[in-house]
file input36.csv (CSV, C-alpha atoms and all ligand atoms)
chain,number,residue,atom,x,y,z
U,1,MET,CA,137.9,52.6,116.1
U,2,ASP,CA,135.4,50.9,113.8
U,3,THR,CA,137.6,49.7,110.9
U,4,ARG,CA,134.7,48.9,108.6
U,5,THR,CA,134.7,51.0,105.5
U,6,THR,CA,131.5,52.6,104.3
U,7,ARG,CA,131.3,50.2,101.3
U,8,SER,CA,132.0,47.0,103.2
U,9,SER,CA,130.3,45.1,106.1
U,10,ARG,CA,133.6,43.4,106.9
U,11,ALA,CA,136.4,44.9,109.0
U,12,LEU,CA,139.6,46.1,107.3
U,13,ALA,CA,141.7,43.3,108.6
U,14,THR,CA,139.3,40.8,107.1
U,15,GLU,CA,139.1,42.6,103.8
U,16,ALA,CA,142.9,42.7,103.7
U,17,VAL,CA,143.1,38.9,103.5
U,18,HIS,CA,139.9,38.1,101.6
U,19,ALA,CA,139.1,41.0,99.2
U,20,GLY,CA,140.0,40.2,95.6
U,21,ARG,CA,140.0,36.5,96.4
U,22,ASP,CA,136.3,35.8,96.8
U,23,ASP,CA,136.1,33.5,93.7
U,24,LEU,CA,139.1,31.4,94.5
U,25,ALA,CA,137.4,28.6,96.5
U,26,GLY,CA,135.0,28.2,93.6
U,27,LEU,CA,137.9,27.8,91.2
U,28,GLY,CA,139.4,25.2,93.4
U,29,LEU,CA,142.3,27.5,94.3
U,30,HIS,CA,143.8,28.9,97.5
U,31,ALA,CA,146.5,31.3,96.2
U,32,PRO,CA,145.5,33.7,93.4
U,33,PRO,CA,146.6,32.6,89.9
U,34,ILE,CA,149.1,34.8,88.0
U,35,ASP,CA,147.9,35.4,84.4
U,36,LEU,CA,150.9,36.5,82.3
U,37,SER,CA,149.0,36.6,78.9
U,38,THR,CA,149.6,39.6,76.7
U,39,THR,CA,146.8,38.6,74.4
U,40,TYR,CA,143.6,36.5,74.5
U,41,PRO,CA,142.4,34.3,71.7
U,42,SER,CA,138.9,34.7,70.2
U,43,TYR,CA,137.3,33.1,67.1
U,44,ASP,CA,134.6,35.8,67.1
U,45,SER,CA,136.0,39.1,65.8
U,46,ARG,CA,132.5,40.7,65.8
U,47,ALA,CA,132.2,40.1,69.5
U,48,GLU,CA,135.7,41.4,70.0
U,49,ALA,CA,134.8,44.6,68.1
U,50,ALA,CA,131.7,45.1,70.3
U,51,ARG,CA,133.8,44.6,73.4
U,52,ILE,CA,136.4,47.2,72.2
U,53,ASP,CA,133.6,49.6,71.4
U,54,ALA,CA,132.1,49.2,74.9
U,55,PHE,CA,135.5,49.9,76.4
U,56,ALA,CA,136.0,53.0,74.2
U,57,THR,CA,132.6,54.3,75.4
U,58,THR,CA,132.8,53.8,79.2
U,59,GLY,CA,136.2,52.4,80.1
U,60,ALA,CA,134.4,49.5,81.9
U,61,GLU,CA,136.5,46.4,82.1
U,62,PRO,CA,135.3,44.0,79.3
U,63,ASP,CA,133.3,41.0,80.5
U,64,GLY,CA,135.4,37.9,80.1
U,65,PRO,CA,139.0,37.9,78.8
U,66,PRO,CA,140.6,41.4,78.4
U,67,VAL,CA,141.2,41.2,74.6
U,68,TYR,CA,144.8,42.6,75.0
U,69,GLY,CA,147.0,43.1,78.1
U,70,ARG,CA,146.9,46.8,77.9
U,71,LEU,CA,143.1,46.8,78.5
U,72,GLY,CA,143.3,44.9,81.7
U,73,ASN,CA,144.7,41.9,83.5
U,74,PRO,CA,142.8,39.5,85.8
U,75,THR,CA,145.7,39.3,88.4
U,76,VAL,CA,146.0,43.1,88.5
U,77,ALA,CA,142.2,43.4,88.8
U,78,ARG,CA,142.3,41.3,92.0
U,79,PHE,CA,144.6,43.9,93.6
U,80,GLU,CA,142.4,46.8,92.3
U,81,THR,CA,139.3,45.2,93.8
U,82,ALA,CA,141.0,44.7,97.1
U,83,LEU,CA,142.4,48.2,97.3
U,84,ALA,CA,139.1,49.7,96.4
U,85,ARG,CA,137.5,47.7,99.3
U,86,LEU,CA,140.2,48.9,101.7
U,87,GLU,CA,139.7,52.6,100.7
U,88,GLY,CA,135.9,52.3,100.6
U,89,THR,CA,135.6,53.4,96.9
U,90,GLU,CA,133.7,51.9,94.0
U,91,ALA,CA,136.8,51.1,92.0
U,92,ALA,CA,140.6,51.3,91.7
U,93,VAL,CA,142.9,51.5,88.7
U,94,ALA,CA,146.6,50.3,89.0
U,95,PHE,CA,149.5,51.8,87.1
U,96,ALA,CA,153.2,51.1,86.6
U,97,SER,CA,154.2,53.6,89.3
U,98,GLY,CA,152.8,56.3,91.6
U,99,MET,CA,154.0,58.9,89.1
U,100,ALA,CA,152.2,57.0,86.2
U,101,ALA,CA,149.0,57.1,88.3
U,102,LEU,CA,149.3,60.8,89.0
U,103,SER,CA,150.1,61.5,85.3
U,104,ALA,CA,146.9,59.6,84.3
U,105,VAL,CA,144.8,61.7,86.6
U,106,LEU,CA,146.3,65.0,85.3
U,107,LEU,CA,145.8,63.8,81.7
U,108,ALA,CA,142.2,62.8,82.4
U,109,ARG,CA,141.4,66.3,83.7
U,110,GLY,CA,143.5,68.1,81.2
U,111,ALA,CA,141.7,66.3,78.3
U,112,MET,CA,138.5,67.9,79.6
U,113,GLY,CA,140.0,71.3,79.3
U,114,LEU,CA,140.5,71.5,83.0
U,115,ARG,CA,144.3,72.1,83.2
U,116,HIS,CA,144.5,74.2,86.3
U,117,VAL,CA,145.5,72.5,89.5
U,118,VAL,CA,145.4,73.9,93.0
U,119,ALA,CA,147.9,72.2,95.2
U,120,VAL,CA,149.2,72.4,98.8
U,121,ARG,CA,153.0,72.0,99.6
U,122,PRO,CA,154.8,70.0,100.5
U,123,LEU,CA,154.1,67.2,98.1
U,124,TYR,CA,156.4,64.3,97.2
U,125,GLY,CA,159.3,66.0,95.2
U,126,CYS,CA,158.5,64.5,91.8
U,127,SER,CA,154.7,65.3,92.1
U,128,ASP,CA,155.8,68.9,92.9
U,129,HIS,CA,158.1,68.8,89.8
U,130,LEU,CA,155.5,67.4,87.5
U,131,LEU,CA,153.1,70.2,88.3
U,132,THR,CA,155.7,73.0,88.5
U,133,ALA,CA,157.4,72.1,85.3
U,134,GLY,CA,154.1,71.8,83.5
U,135,LEU,CA,155.3,68.6,81.9
U,136,LEU,CA,151.7,67.5,81.1
U,137,GLY,CA,150.4,71.0,80.3
U,138,SER,CA,149.0,71.7,83.7
U,139,GLU,CA,149.2,75.0,85.4
U,140,VAL,CA,149.5,75.0,89.2
U,141,THR,CA,148.5,77.5,91.9
U,142,TRP,CA,150.2,76.7,95.2
U,143,THR,CA,148.3,77.6,98.3
U,144,ASP,CA,147.7,76.6,101.9
U,145,PRO,CA,144.6,74.6,103.0
U,146,ALA,CA,142.8,77.8,103.9
U,147,GLY,CA,143.5,79.3,100.5
U,148,VAL,CA,142.0,76.5,98.4
U,149,ALA,CA,138.5,77.9,97.9
U,150,GLY,CA,140.0,81.3,96.8
U,151,ALA,CA,142.4,79.7,94.4
U,152,LEU,CA,139.7,77.8,92.4
U,153,ARG,CA,139.1,79.0,88.8
U,154,PRO,CA,136.5,77.9,86.2
U,155,ASP,CA,139.2,75.7,84.6
U,156,THR,CA,140.4,74.1,87.8
U,157,GLY,CA,140.3,70.4,87.3
U,158,LEU,CA,141.8,69.1,90.5
U,159,VAL,CA,142.8,70.0,94.0
U,160,LEU,CA,145.8,68.0,95.2
U,161,VAL,CA,147.0,67.4,98.8
U,162,GLU,CA,149.1,64.9,100.7
U,163,SER,CA,148.3,64.2,104.4
U,164,PRO,CA,150.5,63.4,106.2
U,165,ALA,CA,152.8,65.1,103.7
U,166,ASN,CA,156.1,63.9,102.3
U,167,PRO,CA,158.5,64.6,104.0
U,168,THR,CA,157.4,67.0,106.8
U,169,LEU,CA,154.4,64.8,107.9
U,170,ALA,CA,152.2,68.0,107.9
U,171,GLU,CA,148.6,67.1,108.3
U,172,ILE,CA,145.5,68.6,106.6
U,173,ASP,CA,141.9,68.7,107.7
U,174,LEU,CA,140.6,66.6,104.7
U,175,ARG,CA,136.9,67.2,105.4
U,176,ALA,CA,137.4,71.0,105.5
U,177,VAL,CA,139.5,71.0,102.3
U,178,ALA,CA,136.9,68.7,100.6
U,179,GLU,CA,134.2,71.2,101.4
U,180,ALA,CA,136.3,74.1,100.1
U,181,CYS,CA,136.7,72.2,96.8
U,182,GLY,CA,133.0,72.4,96.0
U,183,SER,CA,132.5,70.5,92.7
U,184,VAL,CA,136.2,70.3,91.9
U,185,PRO,CA,137.5,66.8,92.7
U,186,LEU,CA,139.9,66.6,95.7
U,187,LEU,CA,142.8,64.2,95.2
U,188,VAL,CA,144.4,63.0,98.4
U,189,ASP,CA,147.8,61.2,98.2
U,190,ASN,CA,147.3,58.6,100.9
U,191,THR,CA,150.7,56.9,100.5
U,192,PHE,CA,151.9,57.7,104.0
U,193,ALA,CA,148.7,57.0,106.0
U,194,THR,CA,147.5,53.9,104.0
U,195,PRO,CA,143.8,53.0,104.4
U,196,VAL,CA,144.7,51.4,107.8
U,197,LEU,CA,145.1,54.9,109.4
U,198,GLN,CA,143.0,57.1,107.1
U,199,ARG,CA,140.4,56.6,104.3
U,200,PRO,CA,140.1,60.0,102.6
U,201,ALA,CA,137.0,59.0,100.6
U,202,GLU,CA,135.1,59.0,103.9
U,203,HIS,CA,136.2,62.6,104.3
U,204,GLY,CA,135.0,63.7,100.9
U,205,ALA,CA,138.0,63.0,98.7
U,206,ARG,CA,136.9,61.9,95.2
U,207,ILE,CA,140.3,60.5,94.2
U,208,VAL,CA,142.7,58.7,96.5
U,209,LEU,CA,146.2,58.0,95.1
U,210,HIS,CA,148.9,55.7,96.4
U,211,SER,CA,152.5,55.1,95.5
U,212,ALA,CA,151.9,51.3,96.0
U,213,THR,CA,155.7,51.0,95.8
U,214,LYS,CA,155.6,52.0,99.5
U,215,TYR,CA,153.3,50.4,102.2
U,216,LEU,CA,150.9,48.5,99.9
U,217,GLY,CA,153.7,46.4,98.4
U,218,GLY,CA,155.6,46.8,101.7
U,219,HIS,CA,158.8,44.8,100.9
U,220,GLY,CA,160.7,47.2,98.7
U,221,ASP,CA,160.5,44.9,95.6
U,222,VAL,CA,157.5,46.4,93.6
U,223,LEU,CA,157.2,49.7,91.8
U,224,ALA,CA,153.5,50.5,91.4
U,225,GLY,CA,150.8,53.1,91.7
U,226,VAL,CA,147.0,53.0,92.1
U,227,VAL,CA,144.1,55.4,92.1
U,228,ALA,CA,140.9,54.6,94.1
U,229,CYS,CA,137.8,56.5,92.9
U,230,ASP,CA,134.3,56.2,91.6
U,231,GLU,CA,133.5,53.8,88.7
U,232,GLU,CA,132.9,56.7,86.3
U,233,PHE,CA,136.4,58.3,86.8
U,234,ALA,CA,137.9,54.8,86.9
U,235,GLY,CA,136.6,54.2,83.4
U,236,THR,CA,138.3,57.3,82.1
U,237,LEU,CA,141.6,56.3,83.9
U,238,ARG,CA,141.4,52.8,82.2
U,239,GLN,CA,141.0,54.5,78.8
U,240,ILE,CA,144.0,56.7,79.5
U,241,ARG,CA,146.0,53.7,80.7
U,242,PHE,CA,145.1,51.8,77.5
U,243,ALA,CA,146.1,54.7,75.3
U,244,THR,CA,149.3,55.8,77.1
U,245,GLY,CA,150.5,52.3,78.3
U,246,GLY,CA,151.5,52.8,81.9
U,247,VAL,CA,150.2,49.4,82.9
U,248,LEU,CA,151.2,47.3,85.9
U,249,HIS,CA,152.9,44.0,85.3
U,250,PRO,CA,150.7,41.0,86.5
U,251,LEU,CA,153.5,39.7,88.7
U,252,ALA,CA,153.6,43.1,90.4
U,253,GLY,CA,149.8,42.9,90.8
U,254,TYR,CA,150.2,39.5,92.5
U,255,LEU,CA,152.9,40.8,94.9
U,256,LEU,CA,150.7,43.8,95.8
U,257,LEU,CA,147.7,41.7,96.5
U,258,ARG,CA,149.9,39.6,98.8
U,259,GLY,CA,151.3,42.8,100.3
U,260,LEU,CA,147.8,44.0,101.2
U,261,SER,CA,147.1,40.9,103.3
U,262,THR,CA,149.7,41.9,105.9
U,263,LEU,CA,149.1,45.7,105.5
U,264,PRO,CA,147.2,46.2,108.7
U,265,VAL,CA,149.6,44.3,110.9
U,266,ARG,CA,152.7,45.8,109.2
U,267,VAL,CA,151.4,49.4,109.6
U,268,ARG,CA,150.4,48.9,113.2
U,269,ALA,CA,153.6,47.2,114.3
U,270,ALA,CA,155.8,49.7,112.4
U,271,SER,CA,153.8,52.6,113.8
U,272,ALA,CA,154.3,51.4,117.3
U,273,ASN,CA,158.1,51.4,116.7
U,274,ALA,CA,157.9,54.9,115.0
U,275,ALA,CA,155.9,56.4,117.9
U,276,GLU,CA,158.5,55.1,120.4
U,277,LEU,CA,161.5,56.4,118.3
U,278,ALA,CA,159.7,59.8,117.9
U,279,ARG,CA,159.4,60.0,121.7
U,280,ARG,CA,163.0,59.2,122.3
U,281,LEU,CA,164.2,61.6,119.5
U,282,ALA,CA,162.1,64.4,121.0
U,283,ALA,CA,163.8,63.9,124.3
U,284,ASP,CA,167.3,63.8,122.8
U,285,PRO,CA,169.5,67.0,123.1
U,286,ARG,CA,171.2,66.2,119.7
U,287,VAL,CA,167.8,66.6,118.0
U,288,GLU,CA,166.3,70.0,117.4
U,289,ARG,CA,162.8,69.0,116.3
U,290,VAL,CA,160.7,65.9,115.7
U,291,HIS,CA,157.7,65.6,113.3
U,292,TYR,CA,155.3,62.9,114.0
U,293,PRO,CA,151.6,62.9,112.8
U,294,ARG,CA,148.6,62.9,115.1
U,295,ILE,CA,147.1,60.0,113.3
U,296,GLY,CA,150.3,58.0,113.9
U,297,GLY,CA,152.1,56.0,111.2
U,298,ALA,CA,155.5,54.6,110.5
U,299,MET,CA,157.2,57.8,109.3
U,300,VAL,CA,159.2,60.1,111.5
U,301,SER,CA,161.0,63.2,110.4
U,302,PHE,CA,163.5,65.1,112.5
U,303,GLU,CA,166.0,68.0,112.4
U,304,VAL,CA,169.4,67.6,114.0
U,305,HIS,CA,171.6,70.3,115.5
U,306,GLY,CA,174.6,68.8,113.8
U,307,ASP,CA,175.3,67.8,110.2
U,308,PRO,CA,172.5,65.6,108.8
U,309,HIS,CA,174.9,64.0,106.3
U,310,ARG,CA,176.8,62.5,109.3
U,311,VAL,CA,173.7,60.7,110.5
U,312,ILE,CA,173.2,59.3,107.0
U,313,ALA,CA,176.8,58.1,106.9
U,314,GLY,CA,176.6,56.7,110.4
U,315,VAL,CA,173.7,54.3,110.2
U,316,ARG,CA,174.6,50.6,110.1
U,317,LEU,CA,171.3,48.7,110.6
U,318,ILE,CA,169.0,51.3,109.0
U,319,THR,CA,169.6,51.5,105.2
U,320,PRO,CA,170.5,55.0,103.9
U,321,ALA,CA,168.2,55.0,100.9
U,322,VAL,CA,165.3,56.9,99.4
U,323,SER,CA,161.8,55.3,99.3
U,324,LEU,CA,159.8,54.1,102.3
U,325,GLY,CA,157.2,51.7,103.6
U,326,SER,CA,159.3,48.6,103.5
U,327,VAL,CA,159.5,45.9,106.3
U,328,ASP,CA,163.1,47.3,107.0
U,329,SER,CA,163.9,50.8,108.1
U,330,LEU,CA,165.3,53.4,105.6
U,331,ILE,CA,166.6,56.9,106.2
U,332,GLN,CA,167.3,59.7,103.7
U,333,HIS,CA,168.0,63.5,103.5
U,334,PRO,CA,165.1,65.0,101.5
U,335,ALA,CA,166.9,68.2,100.5
U,336,SER,CA,169.6,66.0,98.8
U,337,ILE,CA,167.4,63.2,97.4
U,338,SER,CA,163.6,62.9,97.5
U,339,HIS,CA,162.9,66.6,97.2
U,340,ARG,CA,166.1,67.6,95.4
U,341,ILE,CA,164.2,68.3,92.2
U,342,VAL,CA,162.1,71.0,93.9
U,343,ASP,CA,163.5,74.6,93.8
U,344,ALA,CA,165.4,75.2,97.0
U,345,ASP,CA,163.4,78.3,98.0
U,346,ASP,CA,160.1,76.5,97.4
U,347,ARG,CA,161.4,73.5,99.3
U,348,ARG,CA,162.4,75.5,102.3
U,349,GLY,CA,159.2,77.5,102.1
U,350,ALA,CA,157.3,74.3,102.4
U,351,GLY,CA,159.1,73.5,105.7
U,352,VAL,CA,161.6,71.1,104.2
U,353,SER,CA,164.7,72.4,106.0
U,354,ASP,CA,168.2,71.5,104.9
U,355,ARG,CA,168.6,69.7,108.3
U,356,LEU,CA,165.5,67.5,107.9
U,357,LEU,CA,166.0,63.8,107.9
U,358,ARG,CA,163.1,61.4,106.9
U,359,LEU,CA,163.0,58.0,108.6
U,360,SER,CA,160.8,55.2,107.4
U,361,VAL,CA,160.5,52.9,110.4
U,362,GLY,CA,160.3,49.1,109.7
U,363,LEU,CA,159.6,46.0,111.7
U,364,GLU,CA,163.0,45.5,113.4
U,365,ASP,CA,163.2,45.4,117.2
U,366,VAL,CA,162.8,49.0,118.5
U,367,GLU,CA,165.9,48.7,120.8
U,368,ASP,CA,168.1,47.7,117.8
U,369,LEU,CA,166.7,50.7,115.8
U,370,TRP,CA,167.3,53.1,118.7
U,371,ALA,CA,170.9,51.8,119.2
U,372,ASP,CA,171.6,52.4,115.5
U,373,LEU,CA,170.1,55.9,115.6
U,374,ASP,CA,171.9,56.7,118.8
U,375,GLY,CA,175.2,55.7,117.3
U,376,ALA,CA,174.6,57.6,114.1
U,377,LEU,CA,173.6,60.8,116.0
U,378,GLY,CA,177.1,60.5,117.6
U,379,GLY,CA,178.4,62.5,120.6
U,380,HIS,CA,177.6,65.8,119.0
U,381,THR,CA,175.1,67.8,121.2
U,382,GLY,CA,174.9,70.8,119.0
U,383,THR,CA,174.8,74.5,119.8
U,384,GLY,CA,171.3,75.5,118.8
U,385,THR,CA,168.5,76.0,121.2
U,386,ARG,CA,166.9,72.9,122.4
U,387,GLN,CA,163.2,72.5,121.5
U,388,GLU,CA,161.7,69.9,123.7
U,389,GLU,CA,158.3,69.5,122.3
U,390,LEU,CA,157.3,67.1,119.7
U,391,VAL,CA,155.9,69.0,116.7
U,392,GLN,CA,152.6,67.3,115.9
U,393,GLY,CA,151.6,67.3,112.3
U,401,LIG,C1,157.0,57.8,96.2
U,401,LIG,C2,155.8,58.6,96.2
U,401,LIG,C3,155.2,59.0,95.0
U,401,LIG,C4,155.7,58.5,93.7
U,401,LIG,O1,155.5,57.1,93.6
U,401,LIG,P1,156.4,56.1,92.6
U,401,LIG,O2,155.8,54.8,92.9
U,401,LIG,O3,157.8,56.3,93.1
U,401,LIG,O4,156.2,56.6,91.2
U,401,LIG,C5,154.0,59.7,95.1
U,401,LIG,N1,153.6,60.2,96.3
U,401,LIG,C6,154.2,60.0,97.4
U,401,LIG,C7,153.7,60.5,98.7
U,401,LIG,C8,155.3,59.2,97.5
U,401,LIG,O5,156.0,58.9,98.6

call {"tool": "encode", "arguments": {"input": "input36.csv", "output": "C-alpha cells", "more": "lines below"}}
Ligand SMILES: *Cc1c(COP(=O)(O)O)cnc(C)c1O
result
Amino acid sequence: MDTRTTRSSRALATEAVHAGRDDLAGLGLHAPPIDLSTTYPSYDSRAEAARIDAFATTGAEPDGPPVYGRLGNPTVARFETALARLEGTEAAVAFASGMAALSAVLLARGAMGLRHVVAVRPLYGCSDHLLTAGLLGSEVTWTDPAGVAGALRPDTGLVLVESPANPTLAEIDLRAVAEACGSVPLLVDNTFATPVLQRPAEHGARIVLHSATKYLGGHGDVLAGVVACDEEFAGTLRQIRFATGGVLHPLAGYLLLRGLSTLPVRVRAASANAAELARRLAADPRVERVHYPRIGGAMVSFEVHGDPHRVIAGVRLITPAVSLGSVDSLIQHPASISHRIVDADDRRGAGVSDRLLRLSVGLEDVEDLWADLDGALGGHTGTGTRQEELVQG
C-alpha cells in the first residue's frame, strides 16, 4: 500500500515524525517548544484590531502571535498541522475533547440553519446521545448506509458515520456514502481506524473527526479532539472554538504531537496482536461471535456464551476500563458503560448486544494477553450454538 497522502509527497511514517516540526532546525531546536501563554503583548492596538477583524471574517489563524489563547496556540497548531498532513486535508482544528469537536461541527452547521443530521448507528454512545437528545438543537434521522440519500432534506447539514464503528466494528463503504451525500458534507469519525489504516478524505469525506484521546495521544493521558477538513470549514470551526471556548491546552497539544510520531508503529504492532487474538477467540468454544474489521486495527469485539461481567471481573493484566487506543490493553462492556446512555432498544437494534465485550488491544506480548483472556473466559463453555466464523465488519 502506498502510504503517501494526496496532499503530501512524503510517506505517512515520515510525516508522522516530521510534520508540524519543519521550522524547528531553523529555530535551533530539536524538540517542539511548549508555549503556555494565555495572552500576547502588543504595543500597537490598531494592528491588533485589524488582526481580530481578519479572524472574525475568515477564521484564518492570525499571522504572528495569536492575540489571546482562545484564538490559537502555536504548540497546538503544530499538532493540527501534523494531523492534517496525516489525514490528507488542508487543515485541522483541535478541541478539548472529541465531544467538543463534534459539538463545534454541529454548531457550525446549525448556525447556518442546517440543523438536520442524517446518521448511521452505531456511533460512540455519547455522540448518539448528543444527537438523539437534541442538546444542540439538531434533529436526527437514523438510517443505514443505503438509506442516506433518501433521508436527506433541504435543511440537512451533515451526514455522520463511524467506520469501523464503536463498538461493533461495523464497516461502511465510505466512497458510496460520500456519493450518496451529494452536496451535504459527510463527517467520518475515524477514531478507530486512524489515518494509518484509512484516510476518509481520500474517499470523499469532507470532515474527518477524531477523539484524539484514543490512538492519536495513544498513552491514556490526554483528553482531546480534532477535526480535519478544508481551510474554509476550519475557519468556521476556529471562530466557534473562540466563541464557545472548547480549546485544547498547549501541554495536551505537545503530547499529541509526540503521540503522532509513534502512531504508525503503535497501530501496526497493536493490530498484529489484535488480529491474532481475534483468530484465537473465533476458534474458542466459550466465544459465540467475534467482530474484527476487514481493514484491521487494534480493536476486537466479541460475544461470550457465558456472563460478560465475569470476563470483566476476571482480567488481571488487561485493565477493565472504558476508553481505548492506549499502549496497554483495556476491556469494557458497552451495554454497561460506553453505550449505556443510548436507549436499550436503539442500542440492541444497532447490534450492540448485552453480551458484547469491547477489547482495545495494546502493545503487550500477545501470549501474555491471550493467557489473561483465557483465564478470564474461565472454564465455562456455554450452552448456545457455536458459531465458528469470524464476523467481518
Ligand atoms: C471516545 C470517542 C469519542 C468521544 O471522544 P472524547 O475525547 O471522549 O470526548 C467520539 N467518537 C469515538 C468513536 C470515540 O471512541

call {"tool": "closest_residue", "arguments": {"input": "input36.csv", "among": "U:Glu364, U:Asp374, U:Glu87, U:Glu202", "to": "Ser326 (chain U)", "atoms": "all atoms listed in the file"}}
result
U:Glu364

call {"tool": "residues_near_ligand", "arguments": {"input": "input36.csv", "ligand": "ligand LIG 401 (chain U)", "cutoff": "8 Å", "atoms": "only C-alpha atoms and all ligand atoms", "output": "PyMOL selection string"}}
result
chain U and resi 96-102+123-124+126-127+162+165-166+189-192+209-214+223-225+323-324

call {"tool": "residues_around", "arguments": {"input": "input36.csv", "residues": "Ala272 (chain U)", "least_positions_apart": "2", "cutoff": "9 Å", "atoms": "only C-alpha atoms", "output": "VMD selection string"}}
result
chain U and resid 267 to 270 274 to 277 296 to 298 366

call {"tool": "closest_residue", "arguments": {"input": "input36.csv", "among": "U:Asp365, U:Glu15, U:Asp328, U:Glu171", "to": "Leu83 (chain U)", "atoms": "all atoms listed in the file"}}
result
U:Glu15

call {"tool": "closest_residue", "arguments": {"input": "input36.csv", "among": "U:Ser42, U:Thr236, U:Thr244, U:Ser329", "to": "Asn273 (chain U)", "atoms": "all atoms listed in the file"}}
result
U:Ser329

call {"tool": "closest_residue", "arguments": {"input": "input36.csv", "among": "U:Ala243, U:Ala11, U:Ala170, U:Ala321", "to": "Pro195 (chain U)", "atoms": "all atoms listed in the file"}}
result
U:Ala11

call {"tool": "residues_around", "arguments": {"input": "input36.csv", "residues": "Ser301 (chain U)", "least_positions_apart": "3", "cutoff": "6 Å", "atoms": "all atoms listed in the file", "output": "PyMOL selection string"}}
result
chain U and resi 290-291+357-359

call {"tool": "residues_around", "arguments": {"input": "input36.csv", "residues": "Glu232 (chain U)", "least_positions_apart": "2", "cutoff": "10 Å", "atoms": "all atoms listed in the file", "output": "PyMOL selection string"}}
result
chain U and resi 58-60+90-91+229-230+234-237

call {"tool": "atom_distance", "arguments": {"input": "input36.csv", "atom1": "CA of Ala104 (chain U)", "atom2": "CA of Gly150 (chain U)"}}
result
26.0 Å

call {"tool": "decode", "arguments": {"input": "input36.csv", "residues": "region 93-104 of chain U", "atoms": "N, CA, C and O atoms", "output": "PDB file, in the first residue's frame"}}
result
ATOM      1  N   VAL U  93      -8.440  21.361  13.166  1.00  0.00           N
ATOM      2  CA  VAL U  93      -8.720  22.243  14.307  1.00  0.00           C
ATOM      3  C   VAL U  93      -8.899  21.361  15.540  1.00  0.00           C
ATOM      4  O   VAL U  93      -9.725  20.444  15.540  1.00  0.00           O
ATOM      5  N   ALA U  94      -8.122  21.645  16.579  1.00  0.00           N
ATOM      6  CA  ALA U  94      -8.128  20.803  17.784  1.00  0.00           C
ATOM      7  C   ALA U  94      -9.054  21.371  18.849  1.00  0.00           C
ATOM      8  O   ALA U  94      -9.222  22.589  18.962  1.00  0.00           O
ATOM      9  N   PHE U  95      -9.607  20.478  19.647  1.00  0.00           N
ATOM     10  CA  PHE U  95     -10.559  20.848  20.703  1.00  0.00           C
ATOM     11  C   PHE U  95     -10.210  20.111  21.996  1.00  0.00           C
ATOM     12  O   PHE U  95      -9.395  19.185  22.004  1.00  0.00           O
ATOM     13  N   ALA U  96     -10.910  20.515  23.058  1.00  0.00           N
ATOM     14  CA  ALA U  96     -10.628  19.977  24.386  1.00  0.00           C
ATOM     15  C   ALA U  96     -10.963  18.492  24.527  1.00  0.00           C
ATOM     16  O   ALA U  96     -10.466  17.826  25.430  1.00  0.00           O
ATOM     17  N   SER U  97     -11.834  17.972  23.652  1.00  0.00           N
ATOM     18  CA  SER U  97     -12.187  16.549  23.673  1.00  0.00           C
ATOM     19  C   SER U  97     -12.840  16.204  22.345  1.00  0.00           C
ATOM     20  O   SER U  97     -13.176  17.105  21.558  1.00  0.00           O
ATOM     21  N   GLY U  98     -13.040  14.926  22.111  1.00  0.00           N
ATOM     22  CA  GLY U  98     -13.750  14.505  20.904  1.00  0.00           C
ATOM     23  C   GLY U  98     -15.165  15.055  20.883  1.00  0.00           C
ATOM     24  O   GLY U  98     -15.666  15.482  19.830  1.00  0.00           O
ATOM     25  N   MET U  99     -15.829  15.090  22.041  1.00  0.00           N
ATOM     26  CA  MET U  99     -17.198  15.603  22.087  1.00  0.00           C
ATOM     27  C   MET U  99     -17.236  17.107  21.837  1.00  0.00           C
ATOM     28  O   MET U  99     -18.180  17.618  21.215  1.00  0.00           O
ATOM     29  N   ALA U 100     -16.219  17.844  22.289  1.00  0.00           N
ATOM     30  CA  ALA U 100     -16.149  19.283  21.988  1.00  0.00           C
ATOM     31  C   ALA U 100     -15.974  19.487  20.488  1.00  0.00           C
ATOM     32  O   ALA U 100     -16.542  20.426  19.911  1.00  0.00           O
ATOM     33  N   ALA U 101     -15.210  18.610  19.838  1.00  0.00           N
ATOM     34  CA  ALA U 101     -15.007  18.702  18.390  1.00  0.00           C
ATOM     35  C   ALA U 101     -16.319  18.457  17.650  1.00  0.00           C
ATOM     36  O   ALA U 101     -16.689  19.207  16.743  1.00  0.00           O
ATOM     37  N   LEU U 102     -17.043  17.408  18.041  1.00  0.00           N
ATOM     38  CA  LEU U 102     -18.322  17.114  17.384  1.00  0.00           C
ATOM     39  C   LEU U 102     -19.329  18.240  17.646  1.00  0.00           C
ATOM     40  O   LEU U 102     -20.073  18.638  16.739  1.00  0.00           O
ATOM     41  N   SER U 103     -19.335  18.763  18.860  1.00  0.00           N
ATOM     42  CA  SER U 103     -20.248  19.871  19.189  1.00  0.00           C
ATOM     43  C   SER U 103     -19.985  21.070  18.286  1.00  0.00           C
ATOM     44  O   SER U 103     -20.917  21.714  17.796  1.00  0.00           O
ATOM     45  N   ALA U 104     -18.709  21.383  18.055  1.00  0.00           N
ATOM     46  CA  ALA U 104     -18.364  22.537  17.215  1.00  0.00           C
ATOM     47  C   ALA U 104     -18.862  22.336  15.788  1.00  0.00           C
ATOM     48  O   ALA U 104     -19.360  23.275  15.157  1.00  0.00           O
TER      49      ALA U 104
END
